[in-house]
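Structure below is target.cif: mmCIF, C-alpha atoms.
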```
data_query
loop_
_atom_site.label_atom_id
_atom_site.label_comp_id
_atom_site.auth_asym_id
_atom_site.auth_seq_id
_atom_site.Cartn_x
_atom_site.Cartn_y
_atom_site.Cartn_z
CA MET A 1 133.84 -101.96 119.47
CA ILE A 2 134.41 -99.10 121.83
CA PHE A 3 133.77 -100.95 125.09
CA PHE A 4 136.35 -103.66 124.36
CA SER A 5 139.31 -101.30 124.05
CA PHE A 6 139.93 -101.32 127.81
CA ALA A 7 140.67 -105.05 127.76
CA LEU A 8 144.02 -104.71 126.07
CA MET A 9 145.52 -103.24 129.24
CA PHE A 10 144.43 -106.32 131.21
CA ILE A 11 146.34 -108.75 129.03
CA ALA A 12 149.65 -106.98 129.58
CA GLY A 13 149.14 -106.58 133.32
CA ALA A 14 147.50 -109.94 134.02
CA VAL A 15 150.64 -111.90 134.81
CA ALA A 16 152.09 -109.11 136.94
CA ALA A 17 148.78 -108.72 138.78
CA ARG A 18 148.91 -112.37 139.81
CA GLY A 19 152.16 -111.62 141.67
CA ILE A 20 154.46 -113.58 139.38
CA THR A 21 158.03 -112.42 139.83
CA ASP A 22 160.80 -112.05 137.28
CA ILE A 23 161.58 -115.56 136.04
CA THR A 24 164.71 -114.52 134.15
CA LYS A 25 166.97 -114.23 137.22
CA PRO A 26 169.89 -116.66 137.17
CA LEU A 27 169.72 -119.48 139.71
CA GLY A 28 172.64 -121.79 140.43
CA GLY A 29 174.54 -120.57 137.38
CA ARG A 30 171.69 -121.56 135.05
CA ARG A 31 170.07 -118.92 132.94
CA TYR A 32 166.30 -118.34 132.75
CA MET A 33 165.51 -120.45 135.76
CA ALA A 34 162.65 -119.46 138.03
CA ALA A 35 163.82 -117.82 141.24
CA GLU A 36 161.44 -120.08 143.12
CA ILE A 37 160.16 -123.45 141.98
CA ILE A 38 156.39 -123.63 142.31
CA ARG A 39 154.77 -126.89 143.43
CA ILE A 40 151.07 -127.32 142.68
CA ALA A 41 149.24 -130.05 144.60
CA THR A 42 146.22 -131.43 142.78
CA GLY A 43 142.98 -131.54 144.71
CA SER A 44 144.23 -129.01 147.26
CA ARG A 45 141.97 -126.17 146.10
CA THR A 46 138.20 -126.22 146.21
CA ALA A 47 136.18 -123.97 143.95
CA SER A 48 134.38 -121.11 145.64
CA ASP A 49 130.71 -120.64 144.77
CA GLU A 50 130.59 -117.26 146.52
CA ARG A 51 128.98 -114.61 144.34
CA VAL A 52 128.69 -110.83 144.63
CA PRO A 53 126.15 -108.45 143.05
CA LEU A 54 127.26 -107.08 139.67
CA PHE A 55 124.22 -105.46 138.02
CA TYR A 56 120.47 -105.19 138.15
CA ILE A 57 117.89 -105.28 135.40
CA ASP A 58 114.85 -103.68 136.96
CA ASP A 59 114.74 -105.36 140.39
CA ASP A 60 116.43 -108.60 139.32
CA GLU A 61 119.92 -108.98 140.76
CA TYR A 62 122.67 -110.57 138.70
CA THR A 63 125.89 -111.67 140.33
CA MET A 64 129.41 -112.71 139.44
CA LEU A 65 131.90 -115.09 141.00
CA ALA A 66 133.66 -113.46 143.93
CA HIS A 67 136.80 -115.59 143.48
CA PRO A 68 137.37 -116.75 139.91
CA ARG A 69 139.53 -119.81 139.50
CA PRO A 70 143.07 -118.78 138.50
CA SER A 71 143.02 -121.07 135.46
CA LEU A 72 140.31 -118.87 133.92
CA LEU A 73 143.00 -116.28 133.22
CA LEU A 74 145.03 -118.88 131.33
CA GLU A 75 141.97 -119.95 129.33
CA TYR A 76 141.31 -116.28 128.56
CA MET A 77 144.87 -115.82 127.30
CA ASP A 78 144.60 -118.92 125.08
CA VAL A 79 141.36 -117.67 123.54
CA VAL A 80 142.91 -114.24 122.89
CA ARG A 81 145.69 -115.95 120.96
CA GLU A 82 143.48 -118.43 119.11
CA ARG A 83 140.24 -116.52 118.42
CA GLY A 84 140.83 -112.90 119.39
CA LEU A 85 140.08 -110.48 122.18
CA ASP A 86 136.31 -110.31 121.73
CA ALA A 87 135.95 -114.10 122.03
CA ALA A 88 138.18 -114.14 125.10
CA ILE A 89 136.19 -111.44 126.85
CA ALA A 90 132.94 -113.26 126.03
CA LEU A 91 134.34 -116.49 127.51
CA ALA A 92 135.54 -114.84 130.71
CA ALA A 93 132.42 -112.73 131.17
CA SER A 94 129.98 -115.57 130.54
CA GLU A 95 131.80 -117.80 133.04
CA MET A 96 132.01 -115.04 135.66
CA ILE A 97 128.42 -113.86 135.27
CA GLY A 98 126.88 -117.27 134.62
CA ARG A 99 124.38 -118.34 131.97
CA LYS A 100 121.39 -116.54 133.51
CA GLY A 101 123.19 -113.21 133.88
CA TRP A 102 124.91 -113.44 130.50
CA GLU A 103 121.63 -114.20 128.70
CA ALA A 104 119.80 -111.42 130.58
CA LEU A 105 122.50 -108.91 129.65
CA LYS A 106 122.60 -110.04 126.00
CA SER A 107 118.83 -109.89 125.61
CA SER A 108 118.33 -106.50 127.27
CA ASP A 109 117.45 -103.80 124.75
CA ASP A 110 117.83 -101.14 127.44
CA VAL A 111 121.47 -101.68 128.44
CA THR A 112 123.78 -98.90 127.24
CA ASP A 113 127.30 -99.16 125.82
CA GLU A 114 128.61 -97.46 128.97
CA GLN A 115 126.86 -99.97 131.24
CA VAL A 116 128.18 -102.94 129.26
CA ALA A 117 131.69 -101.44 129.30
CA LYS A 118 131.56 -100.97 133.10
CA ILE A 119 130.24 -104.50 133.69
CA LEU A 120 132.95 -105.99 131.47
CA GLN A 121 135.61 -103.84 133.14
CA ILE A 122 134.63 -105.13 136.59
CA VAL A 123 134.56 -108.73 135.33
CA MET A 124 137.94 -108.45 133.62
CA GLU A 125 139.51 -106.80 136.68
CA ALA A 126 138.36 -109.80 138.72
CA VAL A 127 139.68 -112.29 136.17
CA THR A 128 143.07 -110.58 136.00
CA ALA A 129 143.23 -110.16 139.80
CA GLU A 130 142.92 -106.38 139.67
CA ARG A 131 139.93 -106.65 141.94
CA PRO A 132 137.79 -103.59 142.64
CA GLU A 133 135.99 -103.20 145.93
CA ALA A 134 132.85 -105.32 145.63
CA PRO A 135 129.59 -104.06 147.12
CA LYS A 136 128.87 -105.88 150.38
CA SER A 137 125.12 -106.29 150.21
CA GLY A 138 123.39 -104.88 147.18
CA LYS A 139 122.51 -101.83 145.15
CA PRO A 140 122.18 -98.38 146.70
CA SER A 141 118.81 -97.38 148.09
CA GLU A 142 117.23 -93.94 147.66
CA ASN A 143 119.43 -92.45 150.41
CA GLY A 144 122.63 -93.78 148.78
CA THR A 145 123.37 -96.56 151.24
CA ALA A 146 123.56 -100.20 150.24
CA ARG A 147 120.62 -102.37 151.12
CA SER A 148 120.34 -106.10 151.34
CA ALA A 149 118.91 -108.24 148.56
CA GLY A 150 115.86 -108.97 150.71
CA SER A 151 114.87 -105.31 150.87
CA ARG A 152 115.32 -104.41 147.20
CA LYS A 153 111.66 -104.85 146.22
CA SER A 154 110.54 -102.27 148.76
CA ALA A 155 112.44 -99.36 147.19
CA THR A 156 111.16 -97.40 144.25
CA LYS A 157 113.16 -97.26 141.03
#
```

Output the file's structure as structure tokens, nothing else.
Amino acid sequence: MIFFSFALMFIAGAVAARGITDITKPLGGRRYMAAEIIRIATGSRTASDERVPLFYIDDDEYTMLAHPRPSLLLEYMDVVRERGLDAAIALAASEMIGRKGWEALKSSDDVTDEQVAKILQIVMEAVTAERPEAPKSGKPSENGTARSAGSRKSATK
């Protein structure tokens, strides 16, 4: 499908985007040793429930996770290997958007290929840490400025 072609570039750049350095540098005379040993403490990270606006269907706002858990990228990469790119994108997008947003997007007969491609691009950039600037408070109003979620019903479409 045409809107999935952009995802291939994210797989190649995903590890680099996370800031992982060259792990092939010699260390202490040993070959292929990490330049820095990483220690991961369990229970030290709490999941963030913060969400940011992603798309609207009529006046209903749908959001995505502002800070996806880093392990989502690893799950995504496993699914690419095991079931293919389309399944991996569906996994990442449904987790980022949530059940309500994913179902609303899937069931909308009015969403265009371009809109789906843009939504998936934003989601995949967040998953692979190539984060775009997220809108601070909502969709643009008639004069082009962002308005808060509480004022969205007052504007005309």

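Selection result for the displayed file, with the PyMOL selection byres ((chain A and resi 72) around 10) as criterion, is A:Pro68, A:Arg69, A:Pro70, A:Ser71, A:Leu73, A:Leu74, A:Glu75, A:Tyr76, A:Met77, A:Asp78, A:Leu91, A:Ala92, A:Glu95, A:Met96, A:Val127, A:Thr128.
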
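For the pair atom CA of A:Arg45 and atom CA of A:His67, the separation is 12.1 Å.
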
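Rounded to one decimal, atom CA of A:Ala88 and atom CA of A:Thr112 lie 21.1 Å from each other.
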
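Between atom CA of A:Ser44 and atom CA of A:Ala126 lies a distance of 21.8 Å.
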
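Minimum atom-to-atom distance to A:Val111, evaluated using all atoms listed in the file, belongs to A:Ile57 out of A:Ile89, A:Ile57, A:Val52, A:Ala41.
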
Legend entry - Explicit residues for the PyMOL selection byres ((chain A and resi 64) around 7) (as a ChimeraX atom specification): /A:51-54,63,65-66,96-97

Legend entry - Evaluate the PyMOL selection byres ((chain A and resi 105) around 12) and report residues as a ChimeraX atom specification: /A:54-58,60-63,90,93-94,97-104,106-113,115-117,119-120
